[in-house]
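Undergrad: Here it is: the structure, laid out below.
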Amino acid sequence: MADLASLIASAVAMRTLYPANHPRVTQAVEKIVAAAKGSTTYLIVGDDLVVEQEVVRNTSLAQRQFMQALKRRGIERLTLAEGLDFEECLVFVAVLATGDAVPETTAHIIVGRIRVAFDDETKEDGASQRELSIDQIDVVREAFARFRVDRRLPLGDMEQLVWGFIDSLSRTTRGILPLAKLKEHDEYTFIHSVNVSLLVLAQARSFGIGGVMLHSFGMAALLHDIGKLMVPRAVLNKPGRLEGEDWALMKSHVESGAWYLAELDGAAPLSIAVAYEHHLRFDGKPNYPLLPTPRAPNLGSRMTSIADAYDAMSTIRPYQQPQLRATAVETLKNRAGTFYDPLLVANFVQLVG
């Protein structure tokens with residue numbers, strides 16, 4: 001019955017994006033009701049999903065999103081009893097998808113918490129924490145500022161900075177805000193890259209990704225726009241819609257960045273792929289770079305494209321004022337399924353909402 005968890009995650013994603021009477025929401029809820037045979041109990045124990053006293057190994061992204069949806073509402077135990085009907089399920093899905101309320105126990109949906117005791121549990125606070133310092137941020141900021149001249153990146157310092165981001169995110173629930181006021185476009189590129197890295201790390205953590213793989217996602221996001229520092233400032237700062245040669249130069253940043261990273265000792269394959277793919281559409285239709293064979297971008301690129309668009313829309317640029325965050329979220333929702341992965345958009349809306 002682990003697949004039922006995936007169906008619930010899909011329904012929550014659809015309800016996050018669409019109103020309750022939308023056909024996609026209706027279809028998603030109907031699938032849950034049809035699949036809910038007998039009684040099934042789910043437990044969230046730490047980072048594990050337990051179904052009918054069996055731990056689910058190698059949980060899928062959808063199953064991890066199911067876990068995250070329950071955790072956000074403080075639900076550690078969920079029982080779906082035989083007889084679950086459409087209206088009951090629709091209300092449950094809606095509460096998981098919108099607002100801050102905790103779903104109420106009903107005749108066929110029972111929610112609660114569990115208590116698990118561990119023997120000889122020890123934890124030394126701060127023993128392995130990597131503190132995030134202003135000096136670390138300044139080293140990378142200065143590297144971005146000098147990049148146009150020396151074409152060098154301090155990968156070691158950048159890797160430590162991402163570890164610091166990971167540690168900071170694990171110890172705070174505060175919203176992610178821009179780090180400083182902008183002075184010029186290269187400063188914007190640095191701050192934008194940091195914000196995108198933080199937003200991607202938050203997305204990846206919500207799906208249960210951790211350790212070295214989580215670090216790879218954050219590092220790739222930090223480097224995603226390095227090619228922008230090879231585009232002339234006059235083009236980057238130009239107001240209005242870019243056309244002709246200017247637009248061609250702007251689009252070239254994905255290939256320039258990927259080629260630079262491909263030739264840089266120590267750059268990870270995921271960083272190269274994300275630099276190249278973060279403007280590809282989820283549905284495979286043409287955008288840039290143009291591909292000989294249409295395909296969907298990898299998971300890291302799909303997360304980065306959402307974070308990239310959200311931060312670009314909701315923070316100050318040298319040539320444009322920010323949109324309201326709510327407007328940025330609506331734009332992402334309207335483009336879910338075309339430009340962006342709808343499952344990831346629904347999860348992202350939950351994270352920043």
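In the structure tokens, the first chain shown is A, the next is B, and so on; residue numbers restart at 1 for each chain, and ligands run from 1 in the order shown.
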Need the shell around range 35-38 of chain A: protein/DNA/RNA residues with any atom at most 9 Å away, counting only C-alpha atoms. Skip same-chain ones fewer than 6 positions apart. Format as a ChimeraX atom specification?

TA: /A:1,3-4,7,80-84

Undergrad: Skipping near chain neighbours, those fewer than 3 positions away, what residues fall within 9 Å of Ala62 in chain A using only C-alpha atoms, listed as a VMD selection string?

TA: chain A and resid 5 to 10 59 65 to 67 207 343

Undergrad: For all heavy atoms, I'd like the residues from the last selection saved as a JSON list (two decimals), in the first residue's frame.

TA:
```json
[["chain", "number", "residue", "atom", "x", "y", "z"],
["A", 5, "ALA", "N", 0.34, 6.04, -0.79],
["A", 5, "ALA", "CA", 1.01, 7.26, -0.33],
["A", 5, "ALA", "C", 1.38, 8.15, -1.51],
["A", 5, "ALA", "O", 1.24, 9.38, -1.45],
["A", 5, "ALA", "CB", 2.26, 6.90, 0.48],
["A", 6, "SER", "N", 1.82, 7.54, -2.60],
["A", 6, "SER", "CA", 2.16, 8.31, -3.81],
["A", 6, "SER", "C", 0.92, 8.97, -4.40],
["A", 6, "SER", "O", 0.98, 10.10, -4.88],
["A", 6, "SER", "CB", 2.82, 7.40, -4.84],
["A", 6, "SER", "OG", 4.01, 6.83, -4.34],
["A", 7, "LEU", "N", -0.21, 8.26, -4.36],
["A", 7, "LEU", "CA", -1.45, 8.83, -4.87],
["A", 7, "LEU", "C", -1.89, 10.03, -4.03],
["A", 7, "LEU", "O", -2.38, 11.03, -4.57],
["A", 7, "LEU", "CB", -2.54, 7.77, -4.89],
["A", 7, "LEU", "CG", -2.38, 6.61, -5.86],
["A", 7, "LEU", "CD1", -3.50, 5.60, -5.69],
["A", 7, "LEU", "CD2", -2.32, 7.11, -7.30],
["A", 8, "ILE", "N", -1.70, 9.93, -2.72],
["A", 8, "ILE", "CA", -2.04, 11.05, -1.84],
["A", 8, "ILE", "C", -1.14, 12.25, -2.14],
["A", 8, "ILE", "O", -1.58, 13.39, -2.22],
["A", 8, "ILE", "CB", -1.95, 10.64, -0.36],
["A", 8, "ILE", "CG1", -3.02, 9.60, -0.04],
["A", 8, "ILE", "CG2", -2.09, 11.86, 0.56],
["A", 8, "ILE", "CD1", -2.88, 8.98, 1.34],
["A", 9, "ALA", "N", 0.16, 11.98, -2.32],
["A", 9, "ALA", "CA", 1.10, 13.06, -2.65],
["A", 9, "ALA", "C", 0.71, 13.74, -3.96],
["A", 9, "ALA", "O", 0.75, 14.97, -4.08],
["A", 9, "ALA", "CB", 2.52, 12.51, -2.74],
["A", 10, "SER", "N", 0.31, 12.93, -4.94],
["A", 10, "SER", "CA", -0.11, 13.49, -6.23],
["A", 10, "SER", "C", -1.36, 14.35, -6.08],
["A", 10, "SER", "O", -1.46, 15.44, -6.66],
["A", 10, "SER", "CB", -0.37, 12.35, -7.21],
["A", 10, "SER", "OG", -0.84, 12.85, -8.45],
["A", 59, "THR", "N", 12.47, 4.84, -0.66],
["A", 59, "THR", "CA", 11.25, 5.58, -0.94],
["A", 59, "THR", "C", 11.40, 6.43, -2.20],
["A", 59, "THR", "O", 12.47, 6.97, -2.49],
["A", 59, "THR", "CB", 10.87, 6.50, 0.23],
["A", 59, "THR", "OG1", 12.01, 7.27, 0.61],
["A", 59, "THR", "CG2", 10.37, 5.69, 1.42],
["A", 65, "GLN", "N", 7.46, 13.08, -0.65],
["A", 65, "GLN", "CA", 6.60, 14.26, -0.60],
["A", 65, "GLN", "C", 5.38, 13.99, 0.28],
["A", 65, "GLN", "O", 4.92, 14.88, 1.02],
["A", 65, "GLN", "CB", 6.13, 14.65, -2.00],
["A", 65, "GLN", "CG", 5.42, 16.00, -2.01],
["A", 65, "GLN", "CD", 4.98, 16.41, -3.39],
["A", 65, "GLN", "OE1", 4.66, 15.57, -4.22],
["A", 65, "GLN", "NE2", 4.94, 17.70, -3.64],
["A", 66, "PHE", "N", 4.86, 12.77, 0.25],
["A", 66, "PHE", "CA", 3.77, 12.36, 1.16],
["A", 66, "PHE", "C", 4.21, 12.52, 2.61],
["A", 66, "PHE", "O", 3.49, 13.09, 3.44],
["A", 66, "PHE", "CB", 3.40, 10.91, 0.85],
["A", 66, "PHE", "CG", 2.56, 10.23, 1.91],
["A", 66, "PHE", "CD1", 1.22, 10.50, 2.02],
["A", 66, "PHE", "CD2", 3.14, 9.31, 2.77],
["A", 66, "PHE", "CE1", 0.44, 9.86, 2.98],
["A", 66, "PHE", "CE2", 2.38, 8.67, 3.74],
["A", 66, "PHE", "CZ", 1.02, 8.94, 3.84],
["A", 67, "MET", "N", 5.42, 12.05, 2.92],
["A", 67, "MET", "CA", 5.94, 12.18, 4.27],
["A", 67, "MET", "C", 6.06, 13.63, 4.68],
["A", 67, "MET", "O", 5.70, 14.02, 5.79],
["A", 67, "MET", "CB", 7.30, 11.48, 4.38],
["A", 67, "MET", "CG", 7.26, 9.97, 4.17],
["A", 67, "MET", "SD", 8.91, 9.25, 4.04],
["A", 67, "MET", "CE", 9.58, 9.60, 5.68],
["A", 207, "PHE", "N", 12.54, 16.31, 0.29],
["A", 207, "PHE", "CA", 12.35, 15.00, -0.32],
["A", 207, "PHE", "C", 13.24, 13.93, 0.32],
["A", 207, "PHE", "O", 13.35, 12.82, -0.19],
["A", 207, "PHE", "CB", 12.63, 15.06, -1.82],
["A", 207, "PHE", "CG", 11.54, 15.71, -2.62],
["A", 207, "PHE", "CD1", 11.74, 16.91, -3.25],
["A", 207, "PHE", "CD2", 10.29, 15.11, -2.72],
["A", 207, "PHE", "CE1", 10.74, 17.51, -3.99],
["A", 207, "PHE", "CE2", 9.27, 15.70, -3.45],
["A", 207, "PHE", "CZ", 9.49, 16.91, -4.09],
["A", 343, "LEU", "N", 4.99, 18.33, -9.79],
["A", 343, "LEU", "CA", 5.20, 17.76, -8.47],
["A", 343, "LEU", "C", 6.14, 18.65, -7.66],
["A", 343, "LEU", "O", 5.90, 18.94, -6.48],
["A", 343, "LEU", "CB", 5.78, 16.35, -8.58],
["A", 343, "LEU", "CG", 6.10, 15.64, -7.26],
["A", 343, "LEU", "CD1", 4.83, 15.35, -6.48],
["A", 343, "LEU", "CD2", 6.87, 14.34, -7.51]]
```

Undergrad: Return the single residue from A:Ala309, A:Leu17, A:Ile75, A:Leu61 that is closest to Thr105 in chain A, with distances computed using only C-alpha atoms.

TA: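 Checking each of A:Ala309, A:Leu17, A:Ile75, A:Leu61 against Thr105 in chain A, counting only C-alpha atoms, the winner is A:Ile75.
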
Undergrad: In Å, with one decimal, what is the gap from CA of Thr327 in chain A to CA of Asp311 in chain A?

TA: 11.8 Å

Undergrad: Quick one: residues within 8 Å of range 347-352 of chain A, only C-alpha atoms counted, chain neighbours fewer than 5 positions away excluded, as JSON, numbers by chain?

TA: {"A": [13, 16, 65, 97, 98, 175, 202, 203, 329]}

Undergrad: Could you pull out the residues in range 158-334 of chain A that DSSP calls alpha helix (DSSP H) from the backbone, as a ChimeraX atom specification?

TA: /A:158-170,185-206,211-222,233-236,244-251,253-262,269-277,299-314,325-334

Undergrad: With a distance cut-off of 10 Å and only C-alpha atoms, select the neighbouring residues of range 50-57 of chain A, excluding the residue or stretch itself and same-chain residues fewer than 3 positions from it, and output the selection as a PDB file with C-alpha atoms, in the first residue's frame.

TA:
```
ATOM      1  CA  MET A   1       0.000   0.000   0.000  1.00  0.00           C
ATOM      2  CA  ALA A   2       3.022   2.280  -0.273  1.00  0.00           C
ATOM      3  CA  ALA A   5       1.015   7.256  -0.329  1.00  0.00           C
ATOM      4  CA  SER A  39      -7.479  -0.381   6.448  1.00  0.00           C
ATOM      5  CA  THR A  40      -3.911   0.951   6.104  1.00  0.00           C
ATOM      6  CA  THR A  41      -1.760   2.677   8.740  1.00  0.00           C
ATOM      7  CA  TYR A  42       1.268   4.857   7.951  1.00  0.00           C
ATOM      8  CA  LEU A  43       3.853   5.912  10.516  1.00  0.00           C
ATOM      9  CA  ILE A  44       6.511   8.605  10.093  1.00  0.00           C
ATOM     10  CA  VAL A  45       9.458   7.595  12.275  1.00  0.00           C
ATOM     11  CA  ASP A  47      13.149   9.854   8.127  1.00  0.00           C
ATOM     12  CA  SER A  60      10.310   7.367  -4.165  1.00  0.00           C
ATOM     13  CA  GLN A  63       6.469   8.941  -1.161  1.00  0.00           C
ATOM     14  CA  ARG A  77       0.395   8.455  12.242  1.00  0.00           C
ATOM     15  CA  LEU A  78      -2.242   8.209   9.525  1.00  0.00           C
ATOM     16  CA  THR A  79      -4.837   5.455   9.227  1.00  0.00           C
TER      17      THR A  79
END
```
